[in-house]
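Right, one structure below, let's go through it.
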Amino acid sequence: MNDSVYDDMALEQIAKNNFGLQVDIDHVIVRTVPVSRVAQATLFLTTRKQLLLYVNGTSKLLLADIKKIVARMGLVAELYLPPKGQPNYFDDIGRAKFKEVFPGMKNPSGQDLQYYRTLAPYNPALVQILEVKNGEVLQFDTDANTQWRTAAKFAYRRIKAV
């Protein structure tokens with residue numbers, strides 16, 4: 001059998017076990033492309049026409065790192081999926097980090113927590129993508145002038161139904 005079939009099955013299982021999301025992969029746009037010196041990403045389309053980005057790395061990654069990777073890949077994120085069973089994961093971590101820095105403040109606002117949410121550990125990461133900017137998906141490349149080069153050409157923009 002083809003190795004990509006096993007990779008797809010493993011990715012579907014990871015999405016189910018780690019994020020509680022049942023996905024059926026229809027088409028993989030880019031498979032395990034480098035997105036930093038320590039992380040790889042797979043961009044795939046589900047049978048429900050959702051575009052998802054799976055990022056995993058060999059070292060600690062934070063939500064801030066994943067946001068930067070998504071932007072540099074030429075993608076626009078719609079939703080950063082929290083770990084399974086923890087719907088308020090990013091807020092809880094952000095609140096805890098905020099309390100470490102400002103132990104006297106009782107009720108931090110959403111604006112106060114905005115930065116501290118990005119300090120949440122997020123490896124592996126699963127991101128729902130809203131659109132692909134300029135129709136190109138980029139990958140990390142140390143030899144390129146900007147350190148990013150085109151991995152695939154793919155046009156996608158999610159249209160929200162009202």
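A note on labels: chains of the structure tokens are A, B, ... as shown, every chain counts residues from 1, and ligands are counted from 1 in their shown order.
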Requested in this report: Name the residues in contact with segment 57-71 of chain A at a cut-off of 9 Å, using only C-alpha atoms, excluding same-chain residues fewer than 5 positions from it; report them as a list in words.
Outcome: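 Everything that qualifies: Val35, Ser36, Arg37, Val38, Ala39, Gln40, Ala41, Val76, Ala77, Tyr80, Phe90, Tyr115, Arg117, Thr118, Leu119, Ala120, Pro121, Tyr122, Asn123, Pro124, Ala125, Val127 and Ile129 of chain A.
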Query - Contact residues around Gly85 of chain A with only C-alpha atoms at 12 Å, ignoring same-chain residues under 3 positions, as number ranges by chain - result: A: 16-21, 81-82, 88-89
Report task. Just list the residues in segment 97-162 of chain A DSSP gives alpha helix (DSSP H) on the backbone, as a count of residues only. Result -> 13
Requested in this report: Measuring atom to atom with only C-alpha atoms, identify which of A:Leu130, A:Leu75, A:Ile93, A:Leu138 is nearest to Tyr116 of chain A.
Outcome: A:Ile93
Requested in this report: Excluding Val5 of chain A and any residue of its chain fewer than 5 positions from it, enumerate the residues within 12 Å of it, using only C-alpha atoms, and give them as an NGL selection string.
Outcome: :A and (10-12 or 24-28 or 31)
Those residues you just picked out, can you put them in a file as a PDB file, in the first residue's frame with all heavy atoms?
ATOM      1  N   ALA A  10      -3.118   8.017  10.049  1.00  0.00           N
ATOM      2  CA  ALA A  10      -2.492   8.456  11.303  1.00  0.00           C
ATOM      3  C   ALA A  10      -2.917   9.884  11.644  1.00  0.00           C
ATOM      4  O   ALA A  10      -3.194  10.188  12.811  1.00  0.00           O
ATOM      5  CB  ALA A  10      -0.975   8.375  11.186  1.00  0.00           C
ATOM      6  N   LEU A  11      -2.992  10.740  10.646  1.00  0.00           N
ATOM      7  CA  LEU A  11      -3.408  12.125  10.855  1.00  0.00           C
ATOM      8  C   LEU A  11      -4.865  12.202  11.320  1.00  0.00           C
ATOM      9  O   LEU A  11      -5.195  12.978  12.224  1.00  0.00           O
ATOM     10  CB  LEU A  11      -3.216  12.916   9.560  1.00  0.00           C
ATOM     11  CG  LEU A  11      -3.132  14.412   9.641  1.00  0.00           C
ATOM     12  CD1 LEU A  11      -2.088  14.855  10.650  1.00  0.00           C
ATOM     13  CD2 LEU A  11      -2.811  14.978   8.281  1.00  0.00           C
ATOM     14  N   GLU A  12      -5.727  11.387  10.729  1.00  0.00           N
ATOM     15  CA  GLU A  12      -7.132  11.337  11.151  1.00  0.00           C
ATOM     16  C   GLU A  12      -7.226  10.874  12.602  1.00  0.00           C
ATOM     17  O   GLU A  12      -8.027  11.397  13.379  1.00  0.00           O
ATOM     18  CB  GLU A  12      -7.924  10.409  10.247  1.00  0.00           C
ATOM     19  CG  GLU A  12      -8.151  10.949   8.853  1.00  0.00           C
ATOM     20  CD  GLU A  12      -8.756   9.932   7.899  1.00  0.00           C
ATOM     21  OE1 GLU A  12      -8.949   8.755   8.294  1.00  0.00           O
ATOM     22  OE2 GLU A  12      -9.041  10.322   6.749  1.00  0.00           O
ATOM     23  N   ASP A  24     -12.227  13.301   7.892  1.00  0.00           N
ATOM     24  CA  ASP A  24     -11.949  12.369   6.804  1.00  0.00           C
ATOM     25  C   ASP A  24     -11.173  13.155   5.765  1.00  0.00           C
ATOM     26  O   ASP A  24     -11.703  14.087   5.161  1.00  0.00           O
ATOM     27  CB  ASP A  24     -13.244  11.824   6.200  1.00  0.00           C
ATOM     28  CG  ASP A  24     -13.997  10.935   7.170  1.00  0.00           C
ATOM     29  OD1 ASP A  24     -13.343  10.132   7.858  1.00  0.00           O
ATOM     30  OD2 ASP A  24     -15.237  11.043   7.241  1.00  0.00           O
ATOM     31  N   ILE A  25      -9.928  12.782   5.557  1.00  0.00           N
ATOM     32  CA  ILE A  25      -9.065  13.513   4.634  1.00  0.00           C
ATOM     33  C   ILE A  25      -9.451  13.185   3.204  1.00  0.00           C
ATOM     34  O   ILE A  25      -9.509  12.024   2.803  1.00  0.00           O
ATOM     35  CB  ILE A  25      -7.588  13.188   4.898  1.00  0.00           C
ATOM     36  CG1 ILE A  25      -7.200  13.666   6.293  1.00  0.00           C
ATOM     37  CG2 ILE A  25      -6.702  13.830   3.838  1.00  0.00           C
ATOM     38  CD1 ILE A  25      -5.797  13.321   6.706  1.00  0.00           C
ATOM     39  N   ASP A  26      -9.726  14.234   2.449  1.00  0.00           N
ATOM     40  CA  ASP A  26     -10.070  14.082   1.043  1.00  0.00           C
ATOM     41  C   ASP A  26      -8.829  14.247   0.170  1.00  0.00           C
ATOM     42  O   ASP A  26      -8.587  13.456  -0.728  1.00  0.00           O
ATOM     43  CB  ASP A  26     -11.131  15.118   0.661  1.00  0.00           C
ATOM     44  CG  ASP A  26     -11.560  15.005  -0.791  1.00  0.00           C
ATOM     45  OD1 ASP A  26     -11.834  13.877  -1.234  1.00  0.00           O
ATOM     46  OD2 ASP A  26     -11.612  16.050  -1.480  1.00  0.00           O
ATOM     47  N   HIS A  27      -8.047  15.286   0.486  1.00  0.00           N
ATOM     48  CA  HIS A  27      -6.896  15.614  -0.357  1.00  0.00           C
ATOM     49  C   HIS A  27      -5.836  16.327   0.486  1.00  0.00           C
ATOM     50  O   HIS A  27      -6.163  17.244   1.234  1.00  0.00           O
ATOM     51  CB  HIS A  27      -7.368  16.525  -1.501  1.00  0.00           C
ATOM     52  CG  HIS A  27      -6.292  16.937  -2.444  1.00  0.00           C
ATOM     53  ND1 HIS A  27      -5.678  16.071  -3.309  1.00  0.00           N
ATOM     54  CD2 HIS A  27      -5.720  18.143  -2.638  1.00  0.00           C
ATOM     55  CE1 HIS A  27      -4.763  16.743  -3.999  1.00  0.00           C
ATOM     56  NE2 HIS A  27      -4.776  17.991  -3.615  1.00  0.00           N
ATOM     57  N   VAL A  28      -4.594  15.906   0.360  1.00  0.00           N
ATOM     58  CA  VAL A  28      -3.494  16.562   1.067  1.00  0.00           C
ATOM     59  C   VAL A  28      -2.844  17.557   0.107  1.00  0.00           C
ATOM     60  O   VAL A  28      -2.423  17.187  -0.990  1.00  0.00           O
ATOM     61  CB  VAL A  28      -2.460  15.535   1.582  1.00  0.00           C
ATOM     62  CG1 VAL A  28      -1.273  16.241   2.202  1.00  0.00           C
ATOM     63  CG2 VAL A  28      -3.104  14.600   2.584  1.00  0.00           C
ATOM     64  N   ARG A  31       2.411  17.853   2.332  1.00  0.00           N
ATOM     65  CA  ARG A  31       2.621  16.839   3.372  1.00  0.00           C
ATOM     66  C   ARG A  31       3.989  17.021   4.021  1.00  0.00           C
ATOM     67  O   ARG A  31       5.013  17.039   3.356  1.00  0.00           O
ATOM     68  CB  ARG A  31       2.522  15.448   2.751  1.00  0.00           C
ATOM     69  CG  ARG A  31       2.561  14.316   3.750  1.00  0.00           C
ATOM     70  CD  ARG A  31       2.499  12.962   3.062  1.00  0.00           C
ATOM     71  NE  ARG A  31       1.373  12.811   2.188  1.00  0.00           N
ATOM     72  CZ  ARG A  31       0.144  12.452   2.591  1.00  0.00           C
ATOM     73  NH1 ARG A  31      -0.091  12.238   3.863  1.00  0.00           N
ATOM     74  NH2 ARG A  31      -0.824  12.312   1.711  1.00  0.00           N
TER      75      ARG A  31
END
**Report entry** Nearest to Ile14 of chain A, chosen from A:Gln86, A:Thr142, A:Asn107, A:Asn56, with only C-alpha atoms counted in the distances
**Finding:**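 Answer, going by the shortest atom-to-atom distance: A:Asn56.
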Query - From A:Asn2, A:Thr46, A:Asn145, A:Thr32, residue lying nearest Ala15 of chain A [only C-alpha atoms] - result: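 Smallest separation from Ala15 of chain A among the options: A:Thr46.
For the atom pair formed by atom CA of Arg95 of chain A and atom CA of Leu52 of chain A, the distance is 27.3 Å, given to one decimal.
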Query raised in the report: So which residues of segment 14-99 of chain A fall under strand (DSSP E) by DSSP, listed as a ChimeraX atom specification?
Result: /A:25-34,39-46,51-57,75-80
Query - For Gly110 of chain A, the nearest of the candidates A:Leu126, A:Asn134, A:Lys97, A:Asp91, counting only C-alpha atoms - result: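 Comparing A:Leu126, A:Asn134, A:Lys97, A:Asp91 against Gly110 of chain A, the winner is A:Asp91.
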Requested in this report: Quick one: everything within 9 Å of Lys133 of chain A, counting only C-alpha atoms, minus sequence neighbours fewer than 2 positions away in the same chain. Send it as a list in words.
Outcome: Met73, Gly74, Leu75, Val76, Glu131, Gly135, Glu136, Val137, Ala155, Tyr156 and Arg157 of chain A
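Closest approach to Val33 of chain A from the set A:Leu53, A:Ile159, A:Leu45, A:Met105 is made by A:Leu53, with distances taken over only C-alpha atoms.
Interatomic distance, atom CA of Pro83 of chain A to atom CA of Phe98 of chain A: 20.5 Å.
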